[in-house]
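Next comes run11.cif, a file with mmCIF, C-alpha atoms and all ligand atoms.
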data_work
loop_
_atom_site.label_atom_id
_atom_site.label_comp_id
_atom_site.auth_asym_id
_atom_site.auth_seq_id
_atom_site.Cartn_x
_atom_site.Cartn_y
_atom_site.Cartn_z
CA MET J 44 97.68 127.13 79.89
CA SER J 45 99.16 125.47 82.93
CA LEU J 46 98.11 127.64 85.80
CA SER J 47 96.85 131.14 86.19
CA PHE J 48 96.49 133.15 89.33
CA GLN J 49 94.23 136.11 89.99
CA VAL J 50 94.42 138.31 93.03
CA GLU J 51 90.82 139.42 93.59
CA LYS J 52 91.01 141.40 96.82
CA VAL J 53 93.79 142.89 98.89
CA SER J 54 93.49 143.95 102.52
CA GLY J 55 96.69 145.21 104.10
CA LYS J 56 99.24 142.60 103.07
CA ALA J 57 96.66 139.80 102.77
CA ARG J 58 95.31 138.74 99.39
CA ALA J 59 92.28 136.72 98.38
CA GLY J 60 92.63 135.16 94.97
CA ARG J 61 91.96 132.24 92.71
CA LEU J 62 94.28 129.65 91.21
CA PHE J 63 93.10 128.02 88.00
CA THR J 64 94.67 124.57 87.66
CA PRO J 65 94.07 121.86 85.05
CA HIS J 66 92.00 120.09 87.75
CA GLY J 67 89.84 122.92 88.94
CA GLU J 68 89.86 126.22 90.74
CA VAL J 69 91.43 126.81 94.10
CA GLU J 70 90.38 129.75 96.24
CA THR J 71 93.27 131.34 98.09
CA PRO J 72 94.52 131.69 100.74
CA VAL J 73 94.22 127.93 100.88
CA PHE J 74 95.13 125.20 103.33
CA MET J 75 96.21 121.98 101.61
CA PRO J 76 95.60 118.73 103.53
CA VAL J 77 98.60 116.41 103.34
CA GLY J 78 98.11 113.04 101.65
CA THR J 79 101.62 111.66 102.01
CA LEU J 80 101.00 108.27 100.40
CA ALA J 81 98.24 109.42 98.05
CA SER J 82 95.86 109.27 100.99
CA VAL J 83 94.90 111.85 103.58
CA LYS J 84 95.15 109.37 106.41
CA GLY J 85 91.75 108.21 107.58
CA VAL J 86 89.67 110.35 105.25
CA SER J 87 88.08 109.20 102.02
CA GLN J 88 88.15 111.33 98.91
CA ASP J 89 84.39 111.94 98.93
CA THR J 90 84.65 113.26 102.49
CA LEU J 91 87.50 115.56 101.45
CA GLU J 92 85.32 116.88 98.65
CA GLU J 93 82.48 117.45 101.07
CA LEU J 94 84.81 119.33 103.44
CA GLY J 95 85.63 121.63 100.56
CA ALA J 96 89.29 120.67 100.07
CA GLN J 97 90.16 122.06 96.63
CA ILE J 98 93.78 120.94 96.55
CA ILE J 99 95.74 118.31 98.46
CA LEU J 100 99.42 117.51 98.73
CA ALA J 101 101.25 114.25 98.11
CA ASN J 102 104.88 113.33 98.79
CA THR J 103 107.16 112.29 95.95
CA TYR J 104 109.70 110.55 98.18
CA HIS J 105 107.11 108.23 99.72
CA LEU J 106 105.32 107.47 96.45
CA TYR J 107 108.63 106.88 94.67
CA LEU J 108 109.44 104.17 97.23
CA ARG J 109 105.91 102.76 97.34
CA PRO J 110 104.11 101.94 95.06
CA GLY J 111 106.70 103.42 92.64
CA ILE J 112 106.42 106.20 90.06
CA GLY J 113 106.06 103.73 87.15
CA THR J 114 102.97 102.16 88.68
CA ILE J 115 101.24 105.50 89.23
CA ARG J 116 102.21 106.70 85.75
CA ARG J 117 100.67 103.56 84.23
CA MET J 118 97.50 104.16 86.29
CA GLY J 119 97.16 107.51 84.54
CA GLY J 120 98.85 109.63 87.20
CA LEU J 121 97.90 110.45 90.79
CA HIS J 122 94.45 111.89 90.02
CA ASP J 123 93.23 108.68 88.42
CA PHE J 124 95.16 106.41 90.76
CA MET J 125 93.69 107.91 93.92
CA ALA J 126 90.33 108.88 92.41
CA TRP J 127 90.77 112.57 93.20
CA PRO J 128 89.43 114.89 90.51
CA ARG J 129 90.58 118.14 92.07
CA ALA J 130 94.00 119.79 92.19
CA ILE J 131 97.12 118.12 93.61
CA LEU J 132 100.53 119.48 94.54
CA THR J 133 103.58 117.24 95.00
CA ASP J 134 106.71 118.18 96.89
CA SER J 135 110.02 117.31 95.26
CA GLY J 136 111.19 114.85 97.88
CA GLY J 137 113.94 117.25 98.95
CA PHE J 138 112.54 117.86 102.42
CA GLN J 139 111.90 114.16 103.14
CA VAL J 140 115.39 113.21 102.00
CA PHE J 141 116.73 116.05 104.17
CA SER J 142 114.85 114.58 107.13
CA LEU J 143 116.64 111.24 106.71
CA ASN J 144 119.78 112.77 108.30
CA GLU J 145 122.19 109.86 108.69
CA LEU J 146 120.76 108.05 105.69
CA ARG J 147 121.77 110.61 103.02
CA LYS J 148 124.77 112.10 101.19
CA ILE J 149 124.54 115.35 99.24
CA THR J 150 126.77 116.23 96.25
CA GLU J 151 126.50 118.78 93.46
CA GLU J 152 124.89 116.10 91.31
CA GLY J 153 122.14 115.20 93.78
CA VAL J 154 121.36 113.24 96.93
CA THR J 155 122.09 109.61 97.62
CA PHE J 156 119.81 108.26 100.32
CA ARG J 157 118.70 105.06 101.91
CA SER J 158 115.07 104.07 102.03
CA HIS J 159 113.49 104.29 105.48
CA LEU J 160 111.52 101.17 104.50
CA ASP J 161 114.21 98.64 103.65
CA GLY J 162 117.56 100.45 103.71
CA SER J 163 118.00 100.18 99.91
CA THR J 164 120.09 102.92 98.25
CA HIS J 165 118.53 105.50 95.90
CA PHE J 166 119.56 108.69 94.15
CA PHE J 167 117.55 111.88 93.55
CA SER J 168 118.85 114.63 91.30
CA PRO J 169 117.01 117.77 90.23
CA GLU J 170 116.29 115.99 86.94
CA SER J 171 115.07 112.73 88.47
CA ALA J 172 112.92 114.56 91.05
CA ILE J 173 111.16 116.44 88.24
CA GLU J 174 110.91 113.27 86.14
CA ALA J 175 109.22 111.55 89.12
CA GLN J 176 106.82 114.46 89.61
CA ILE J 177 105.91 114.51 85.92
CA GLY J 178 105.16 110.79 86.27
CA LEU J 179 102.90 111.47 89.26
CA GLY J 180 101.17 114.20 87.32
CA ALA J 181 100.21 116.67 90.06
CA ASP J 182 98.96 120.07 88.88
CA ILE J 183 101.70 121.88 90.76
CA ILE J 184 105.16 120.40 91.22
CA MET J 185 108.12 121.69 93.19
CA ALA J 186 111.78 122.30 92.38
CA PHE J 187 114.25 119.97 94.10
CA ASP J 188 115.99 122.00 96.79
CA GLU J 189 118.29 121.56 99.72
CA CYS J 190 116.60 122.39 102.99
CA THR J 191 119.28 124.12 105.09
CA GLU J 192 119.47 122.70 108.59
CA TYR J 193 119.00 124.82 111.71
CA PRO J 194 121.15 126.13 113.25
CA ALA J 195 123.70 126.80 110.49
CA ASP J 196 126.43 129.46 110.13
CA ARG J 197 126.34 132.05 107.36
CA ASP J 198 128.86 130.30 105.09
CA ARG J 199 126.87 127.12 105.29
CA MET J 200 123.57 128.95 104.63
CA ARG J 201 125.12 130.72 101.62
CA ALA J 202 126.59 127.51 100.17
CA SER J 203 123.32 125.68 100.62
CA MET J 204 121.36 128.51 99.01
CA GLY J 205 123.75 128.45 96.05
CA LEU J 206 123.23 124.73 95.59
CA THR J 207 119.44 125.17 95.67
CA LEU J 208 119.71 127.87 92.98
CA ARG J 209 121.88 125.71 90.69
CA TRP J 210 119.44 122.84 91.22
CA ALA J 211 116.49 125.16 90.50
CA LYS J 212 117.97 125.97 87.07
CA ARG J 213 118.41 122.27 86.31
CA CYS J 214 114.83 121.55 87.45
CA LYS J 215 113.47 124.28 85.19
CA GLN J 216 115.46 123.07 82.21
CA TYR J 217 114.41 119.44 82.67
CA PHE J 218 110.79 120.47 83.16
CA GLU J 219 110.75 122.60 80.00
CA GLU J 220 112.16 119.70 77.98
CA HIS J 221 109.81 117.03 79.39
CA LYS J 222 106.58 118.69 80.52
CA GLN J 223 104.57 117.13 77.70
CA GLU J 224 105.13 113.68 79.24
CA VAL J 225 102.48 114.14 81.95
CA PRO J 226 100.30 110.98 82.03
CA TRP J 227 96.87 112.62 82.17
CA ARG J 228 94.24 110.84 80.15
CA SER J 229 91.04 112.22 78.80
CA TYR J 230 87.82 110.74 80.18
CA GLY J 231 84.25 111.36 79.17
CA HIS J 232 83.01 113.55 81.97
CA VAL J 233 79.86 112.25 83.63
CA ASP J 234 77.69 114.50 85.75
CA THR J 235 77.00 112.22 88.70
CA ALA J 236 74.55 114.65 90.32
CA ALA J 237 72.40 114.56 87.19
CA LEU J 238 72.70 110.78 87.07
CA SER J 239 71.42 110.25 90.60
CA SER J 240 68.59 112.72 90.15
CA ARG J 241 67.46 110.60 87.22
CA GLY J 242 67.64 107.55 89.46
CA GLU J 243 70.33 105.85 87.43
CA CYS J 244 72.49 105.37 90.47
CA GLN J 245 69.78 103.24 92.07
CA LEU J 246 70.99 100.05 90.45
CA ALA J 247 72.05 98.66 93.79
CA GLY J 248 73.54 95.22 93.85
CA ASP J 249 75.48 95.56 90.62
CA ALA J 250 79.10 95.46 91.61
CA PRO J 251 80.25 97.92 88.91
CA GLU J 252 77.83 100.49 90.31
CA LEU J 253 79.97 100.66 93.43
CA ARG J 254 82.14 102.95 91.35
CA SER J 255 79.20 104.93 90.07
CA THR J 256 80.38 108.21 91.57
CA TRP J 257 83.85 107.84 90.11
CA THR J 258 84.15 108.25 86.40
CA GLY J 259 87.77 109.24 85.99
CA ALA J 260 89.78 112.11 87.33
CA SER J 261 90.20 114.24 84.33
CA PRO J 262 88.07 117.27 83.71
CA VAL J 263 91.13 118.13 81.60
CA PRO J 264 89.97 119.71 78.35
CA THR J 265 91.68 118.13 75.39
CA GLN J 266 91.47 121.07 73.03
CA THR J 267 94.01 123.19 74.90
CA GLU J 268 97.46 122.25 76.02
CA GLN J 269 97.25 121.30 79.68
CA ILE J 270 100.49 120.96 81.55
CA GLN J 271 101.78 121.02 85.08
CA SER J 272 103.23 124.10 86.76
CA LEU J 273 106.62 124.23 88.41
CA PHE J 274 107.21 126.32 91.54
CA GLY J 275 110.62 127.52 92.70
CA ILE J 276 111.67 127.42 96.36
CA VAL J 277 113.36 130.26 98.22
CA GLN J 278 115.96 129.13 100.77
CA GLY J 279 118.66 131.13 102.60
CA GLY J 280 118.35 129.83 106.13
CA MET J 281 117.49 132.34 108.85
CA ASP J 282 119.39 135.19 107.18
CA HIS J 283 117.32 138.07 105.79
CA GLU J 284 119.93 139.11 103.20
CA LEU J 285 120.36 135.58 101.91
CA ARG J 286 116.58 135.15 101.72
CA LYS J 287 116.40 138.32 99.62
CA GLU J 288 119.16 137.13 97.31
CA SER J 289 117.61 133.68 97.02
CA ALA J 290 114.22 135.21 96.17
CA GLU J 291 115.67 137.51 93.51
CA ARG J 292 117.76 134.83 91.85
CA THR J 293 114.92 132.28 91.94
CA ILE J 294 112.60 134.83 90.31
CA GLU J 295 115.26 135.42 87.64
CA ILE J 296 115.09 131.74 86.70
CA GLY J 297 111.33 132.16 86.41
CA PHE J 298 108.63 129.93 87.90
CA SER J 299 104.82 129.82 87.98
CA GLY J 300 104.83 130.36 91.74
CA TYR J 301 107.24 130.72 94.63
CA ALA J 302 107.55 128.78 97.84
CA ILE J 303 109.29 129.69 101.06
CA GLY J 304 111.15 126.58 102.18
CA GLY J 305 113.54 125.73 104.98
CA LEU J 306 111.29 126.85 107.82
CA SER J 307 109.77 124.89 110.71
CA VAL J 308 113.09 123.06 111.03
CA GLY J 309 113.44 123.66 114.76
CA GLU J 310 113.78 127.46 114.88
CA PRO J 311 111.69 129.53 117.32
CA ARG J 312 108.28 130.59 115.96
CA THR J 313 109.06 134.29 116.22
CA LEU J 314 112.02 133.74 113.88
CA THR J 315 109.81 131.77 111.44
CA ARG J 316 107.43 134.70 111.31
CA GLU J 317 110.23 137.25 110.79
CA ILE J 318 111.72 135.27 107.91
CA VAL J 319 108.30 134.72 106.31
CA GLU J 320 107.48 138.41 106.54
CA SER J 321 110.80 139.61 105.13
CA THR J 322 110.89 136.98 102.35
CA LEU J 323 107.36 137.83 101.20
CA GLU J 324 108.47 141.39 100.45
CA HIS J 325 110.75 140.06 97.72
CA LEU J 326 108.20 137.80 96.00
CA PRO J 327 106.21 139.02 92.98
CA ALA J 328 102.65 140.15 93.76
CA ASP J 329 101.16 138.47 90.70
CA LYS J 330 102.36 134.92 91.47
CA PRO J 331 101.11 132.49 94.13
CA ARG J 332 103.20 132.32 97.31
CA TYR J 333 103.41 129.02 99.12
CA LEU J 334 104.69 128.62 102.67
CA MET J 335 105.74 125.01 103.12
CA GLY J 336 104.99 122.89 106.18
CA VAL J 337 103.35 125.28 108.69
CA GLY J 338 101.60 125.49 111.28
CA THR J 339 98.85 125.77 113.95
CA PRO J 340 95.42 127.27 113.09
CA GLU J 341 96.53 130.61 114.61
CA GLU J 342 99.74 130.55 112.59
CA ILE J 343 98.16 129.74 109.24
CA ALA J 344 95.67 132.59 109.77
CA GLU J 345 98.54 134.91 110.66
CA TYR J 346 100.64 133.90 107.63
CA ALA J 347 97.64 134.39 105.34
CA ARG J 348 97.29 137.92 106.73
CA LEU J 349 100.96 138.49 105.90
CA GLY J 350 100.25 137.64 102.25
CA VAL J 351 100.84 133.88 101.96
CA ASP J 352 98.46 132.22 99.49
CA MET J 353 99.07 128.51 100.04
CA MET J 354 100.02 126.43 103.08
CA ASP J 355 100.21 122.80 104.08
CA CYS J 356 100.83 121.01 107.34
CA VAL J 357 100.54 117.48 108.72
CA LEU J 358 99.52 118.89 112.11
CA PRO J 359 95.70 118.60 111.84
CA THR J 360 95.82 115.01 110.59
CA ARG J 361 98.71 113.82 112.76
CA ALA J 362 97.36 115.45 115.93
CA ALA J 363 93.93 113.92 115.24
CA ARG J 364 95.39 110.44 115.27
CA HIS J 365 96.76 111.21 118.73
CA GLY J 366 93.43 112.44 120.03
CA LEU J 367 94.31 116.14 119.81
CA LEU J 368 91.57 118.40 118.49
CA PHE J 369 91.76 122.00 117.36
CA THR J 370 88.64 123.87 118.42
CA SER J 371 87.35 127.43 118.64
CA GLU J 372 88.07 127.13 122.37
CA GLY J 373 91.66 126.02 121.90
CA LYS J 374 93.33 122.64 121.66
CA ILE J 375 91.77 119.75 123.57
CA SER J 376 92.83 116.18 124.21
CA ILE J 377 89.82 113.92 123.78
CA LYS J 378 91.54 111.21 125.86
CA GLN J 379 90.87 113.10 129.06
CA ALA J 380 88.51 111.54 131.58
CA ARG J 381 86.63 114.85 131.88
CA TYR J 382 84.99 114.18 128.50
CA ALA J 383 83.74 110.69 129.47
CA GLN J 384 80.17 111.92 129.99
CA ASP J 385 80.31 115.13 127.98
CA GLN J 386 77.30 115.27 125.67
CA GLY J 387 78.54 118.36 123.81
CA PRO J 388 80.09 118.27 120.34
CA LEU J 389 83.88 118.30 119.86
CA ASP J 390 83.62 122.03 119.17
CA PRO J 391 80.39 123.93 120.01
CA ASN J 392 81.14 126.42 117.23
CA CYS J 393 81.91 123.89 114.50
CA ALA J 394 79.31 122.77 111.98
CA CYS J 395 81.30 119.86 110.55
CA ARG J 396 79.62 116.50 110.04
CA VAL J 397 81.33 115.12 113.16
CA CYS J 398 80.33 117.98 115.44
CA ARG J 399 76.76 117.88 114.11
CA ARG J 400 76.39 114.23 114.95
CA TYR J 401 78.65 112.94 117.72
CA SER J 402 79.33 113.78 121.36
CA ARG J 403 82.70 114.20 123.05
CA ALA J 404 81.75 111.27 125.28
CA TYR J 405 81.28 108.96 122.29
CA VAL J 406 84.47 110.03 120.52
CA ARG J 407 86.41 109.71 123.77
CA HIS J 408 85.03 106.21 124.22
CA LEU J 409 86.05 105.27 120.66
CA TYR J 410 89.53 106.65 121.26
CA ALA J 411 89.94 104.85 124.57
CA ALA J 412 88.75 101.60 122.98
CA ASN J 413 91.21 102.07 120.12
CA GLU J 414 88.45 102.07 117.53
CA VAL J 415 89.59 103.18 114.06
CA LEU J 416 86.54 105.43 113.83
CA ALA J 417 88.00 107.72 116.52
CA GLN J 418 90.92 108.59 114.25
CA VAL J 419 88.61 109.11 111.30
CA LEU J 420 86.23 111.42 113.19
CA ASN J 421 89.06 113.38 114.82
CA THR J 422 90.74 113.87 111.45
CA VAL J 423 87.55 115.00 109.73
CA HIS J 424 86.91 117.57 112.47
CA ASN J 425 90.50 118.89 112.52
CA LEU J 426 90.64 119.23 108.74
CA SER J 427 87.28 120.93 108.76
CA PHE J 428 88.54 123.33 111.42
CA TYR J 429 91.64 124.20 109.36
CA LEU J 430 89.69 124.62 106.14
CA ASP J 431 87.10 126.80 107.94
CA THR J 432 89.87 128.89 109.48
CA MET J 433 91.21 129.64 106.02
CA ARG J 434 87.72 130.30 104.66
CA ARG J 435 87.15 132.84 107.44
CA VAL J 436 90.44 134.59 106.67
CA ARG J 437 89.53 134.66 102.99
CA HIS J 438 86.14 136.19 103.69
CA SER J 439 87.69 138.79 105.99
CA ILE J 440 89.94 140.03 103.16
ZN ZN E 1 83.81 119.81 113.90
#

Could you spell out this file's structure in structure tokens?
Amino acid sequence: MSLSFQVEKVSGKARAGRLFTPHGEVETPVFMPVGTLASVKGVSQDTLEELGAQIILANTYHLYLRPGIGTIRRMGGLHDFMAWPRAILTDSGGFQVFSLNELRKITEEGVTFRSHLDGSTHFFSPESAIEAQIGLGADIIMAFDECTEYPADRDRMRASMGLTLRWAKRCKQYFEEHKQEVPWRSYGHVDTAALSSRGECQLAGDAPELRSTWTGASPVPTQTEQIQSLFGIVQGGMDHELRKESAERTIEIGFSGYAIGGLSVGEPRTLTREIVESTLEHLPADKPRYLMGVGTPEEIAEYARLGVDMMDCVLPTRAARHGLLFTSEGKISIKQARYAQDQGPLDPNCACRVCRRYSRAYVRHLYAANEVLAQVLNTVHNLSFYLDTMRRVRHSI
């Protein structure tokens, strides 16, 4: 069993369900915090657990360049490497390579690109992108696709969609032939809650006890075959017919879930919504649907109501590092002088650990003084706000 998905409730087009991954259950619709370099910037793994993040995303392109797939594979895969016992999804690297613009060249075989770090030349093919993702060992991995640029004419959108479909077939074939190579190891599972209640975590001062809450990532049962799941990606630019064709032909190849890619590439938001809505109609009801790289809290709630099950976005974490907070009263910039003596929490309607403890005045001071803690607190609040938004949508279904 690699992944199973159950739709538990349906309300209009929205669905509430449950994904069962080799590293735990994920309640959907779900927002996935982005941990580009195997780290959700500024937030430790125990905090992510406390916030209720059940699945996070990591980027193959970045991890391939640094620290390298081989290193992570030898560390037992991403879960062990980053001490994250819950589910992980990796992207294929396609979107990041696409974003390199002048630094890449696309052929039928794959994409040659230059590293944004040191300018060195690399090559990703559908096969090597899947090989890299098997090495990383996320629970859900993505087909290597070409993200069609915006704007593009119909011939270009059709050609690009065709390439993504041919690549999808190659990804599937490589995955089927190599999926047993995932580097998960089997650990003895230790119940840390039981340990601390017995006082065995009180051995302060012993250096090894610093790792007492981390006993290995793998709740992976050894008796059953546990493998990763591969998702296909629907492209087709901003053309409804091409999106339909891409969806149908991707489903024909057969994947464990389906993503809608190629959006949020500069098109107006109303167009994003139209394409999402029309593409969803062509995706199977019994498989998870993942909308890649969107959006604001209002947008993710709206997409969930349209029937999207999974979403990710760098917005809450990136905005936090720039002092922008999402709150129940709209977006605020904590830099503003008006908050200098504001004793209220970041968001009066938020019960996150930051809002329970700190004032706007204090966080503004930290931000103005360039204290690292400002970025940490802002990120924790924003992630909490996004995760709560999704929880609310889920409960309303
Ligand atoms: Zn908060």

If we count all atoms listed in the file and set the cut-off at 8 Å, which residues sit around J:Ala175, ignoring sequence neighbours fewer than 6 positions away in its own chain? Please answer as JSON, numbers by chain.
{"J": [103, 107, 112]}

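Within the 10 Å cut-off around J:Tyr301, using only C-alpha atoms and omitting residues fewer than 2 positions from it on the same chain, the listed residues are Met185, Ala186, Leu273, Phe274, Gly275, Ile276, Val277, Ala290, Thr293, Ile294, Gly297, Phe298, Ser299, Ile303, Gly304, Leu323, Leu326, Pro327, Lys330, Pro331, Arg332, Tyr333 and Leu334 of chain J.
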
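For the choices J:His159, J:Arg400, J:Arg381, J:His283, the atom-to-atom distance to J:Arg197 is smallest for J:His283 when using all atoms listed in the file.
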
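Using only C-alpha atoms, the contacts of stretch 421-435 of chain J at a cut-off of 6 Å, with sequence neighbours closer than 5 positions omitted, comprise Pro359, Thr360, Ala363 and Phe369 of chain J.
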
Determine, counting all atoms listed in the file, which protein, DNA and RNA residues have an atom within 10 Å of an atom of J:Leu100; residues of the same chain fewer than 3 positions away are not included. Present the result as a PyMOL selection string.
chain J and resi 74-83+103+130-134+181+183-184+354-356

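Atom CA of J:Gly205 to atom CA of J:Thr155 spans 19.0 Å [interatomic distance, one decimal].
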
Nearest to J:Leu420 among J:Pro110, J:Lys148, J:Val86, J:Gln216, with distances taken over all atoms listed in the file: which residue is it?
J:Val86

Rounded to one decimal place, report the atom CA of J:Ala172-atom CA of J:Tyr104 distance in Å.
8.8 Å

Mind running chain J against ligand ZN 1 (chain E) at 6 Å and telling me each contacting residue's nearest atom pair with the distance in Å (one decimal), counting all atoms listed in the file, chain and number ascending, as CSV?
residue,atom,partner,partner_atom,distance
J:Asp390,CA,E:ZN1,ZN,5.7
J:Cys393,CA,E:ZN1,ZN,4.5
J:Ala394,CA,E:ZN1,ZN,5.7
J:Cys395,CA,E:ZN1,ZN,4.2
J:Val397,CA,E:ZN1,ZN,5.4
J:Cys398,CA,E:ZN1,ZN,4.2
J:His424,CA,E:ZN1,ZN,4.1

May I ask for the distance between atom CA of J:Val351 and atom CA of J:Leu314, given in Å to one decimal place?
16.3 Å

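Comparing J:Val73, J:Ile115, J:Leu389, J:Val357 by their smallest distance to J:Glu372, the closest is J:Leu389 (using only C-alpha atoms).
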
For J:His365, list every protein, DNA or RNA residue within 8 Å, evaluated using only C-alpha atoms, and leave out those in the same chain fewer than 3 positions away; present the list as a ChimeraX atom specification.
/J:361-362,418

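Nearest to J:Ile177 of all the residues J:Tyr193, J:Trp210, J:Phe156, J:Tyr217 is J:Tyr217, based on only C-alpha atoms.
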
Restricting to only C-alpha atoms, whichever of J:Ala302, J:Ala417, J:Leu349, J:Ile296 is closest to J:Leu368 is J:Ala417

Render stretch 61-108 of chain J from the structure in the preceding block as a file of C-alpha atoms, as a tab-separated table (two decimals), in the first residue's frame.
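Saved result, selection-v1.tsv, follows:
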chain	number	residue	atom	x	y	z
J	61	ARG	CA	-8.27	11.58	4.57
J	62	LEU	CA	-5.00	10.61	2.91
J	63	PHE	CA	-3.21	7.62	4.38
J	64	THR	CA	0.52	7.88	3.68
J	65	PRO	CA	3.39	5.68	4.86
J	66	HIS	CA	4.18	8.49	7.35
J	67	GLY	CA	0.77	9.12	8.79
J	68	GLU	CA	-2.67	10.41	8.01
J	69	VAL	CA	-3.40	13.73	6.41
J	70	GLU	CA	-6.81	15.34	6.76
J	71	THR	CA	-7.94	17.10	3.61
J	72	PRO	CA	-8.41	19.74	2.37
J	73	VAL	CA	-4.89	20.42	3.56
J	74	PHE	CA	-2.44	23.29	3.38
J	75	MET	CA	1.17	22.13	3.08
J	76	PRO	CA	3.84	24.48	4.48
J	77	VAL	CA	6.80	24.80	2.12
J	78	GLY	CA	10.19	23.61	3.39
J	79	THR	CA	12.28	24.36	0.31
J	80	LEU	CA	15.64	23.24	1.70
J	81	ALA	CA	14.25	20.59	4.06
J	82	SER	CA	13.38	23.39	6.46
J	83	VAL	CA	10.27	25.50	6.82
J	84	LYS	CA	12.27	28.68	7.23
J	85	GLY	CA	12.40	29.82	10.83
J	86	VAL	CA	10.22	27.08	12.29
J	87	SER	CA	11.46	23.97	14.04
J	88	GLN	CA	9.93	20.59	13.41
J	89	ASP	CA	8.45	20.31	16.91
J	90	THR	CA	6.68	23.64	16.41
J	91	LEU	CA	5.31	22.43	13.06
J	92	GLU	CA	3.98	19.35	14.82
J	93	GLU	CA	2.38	21.50	17.48
J	94	LEU	CA	0.75	23.69	14.81
J	95	GLY	CA	-0.81	20.55	13.40
J	96	ALA	CA	1.05	20.41	10.08
J	97	GLN	CA	0.46	16.86	8.83
J	98	ILE	CA	2.40	17.15	5.58
J	99	ILE	CA	5.08	19.53	4.35
J	100	LEU	CA	6.66	20.13	0.98
J	101	ALA	CA	10.32	20.10	-0.03
J	102	ASN	CA	11.94	21.12	-3.32
J	103	THR	CA	13.93	18.59	-5.33
J	104	TYR	CA	15.84	21.19	-7.33
J	105	HIS	CA	17.21	22.92	-4.23
J	106	LEU	CA	18.04	19.70	-2.38
J	107	TYR	CA	19.66	18.22	-5.48
J	108	LEU	CA	22.05	21.19	-5.56
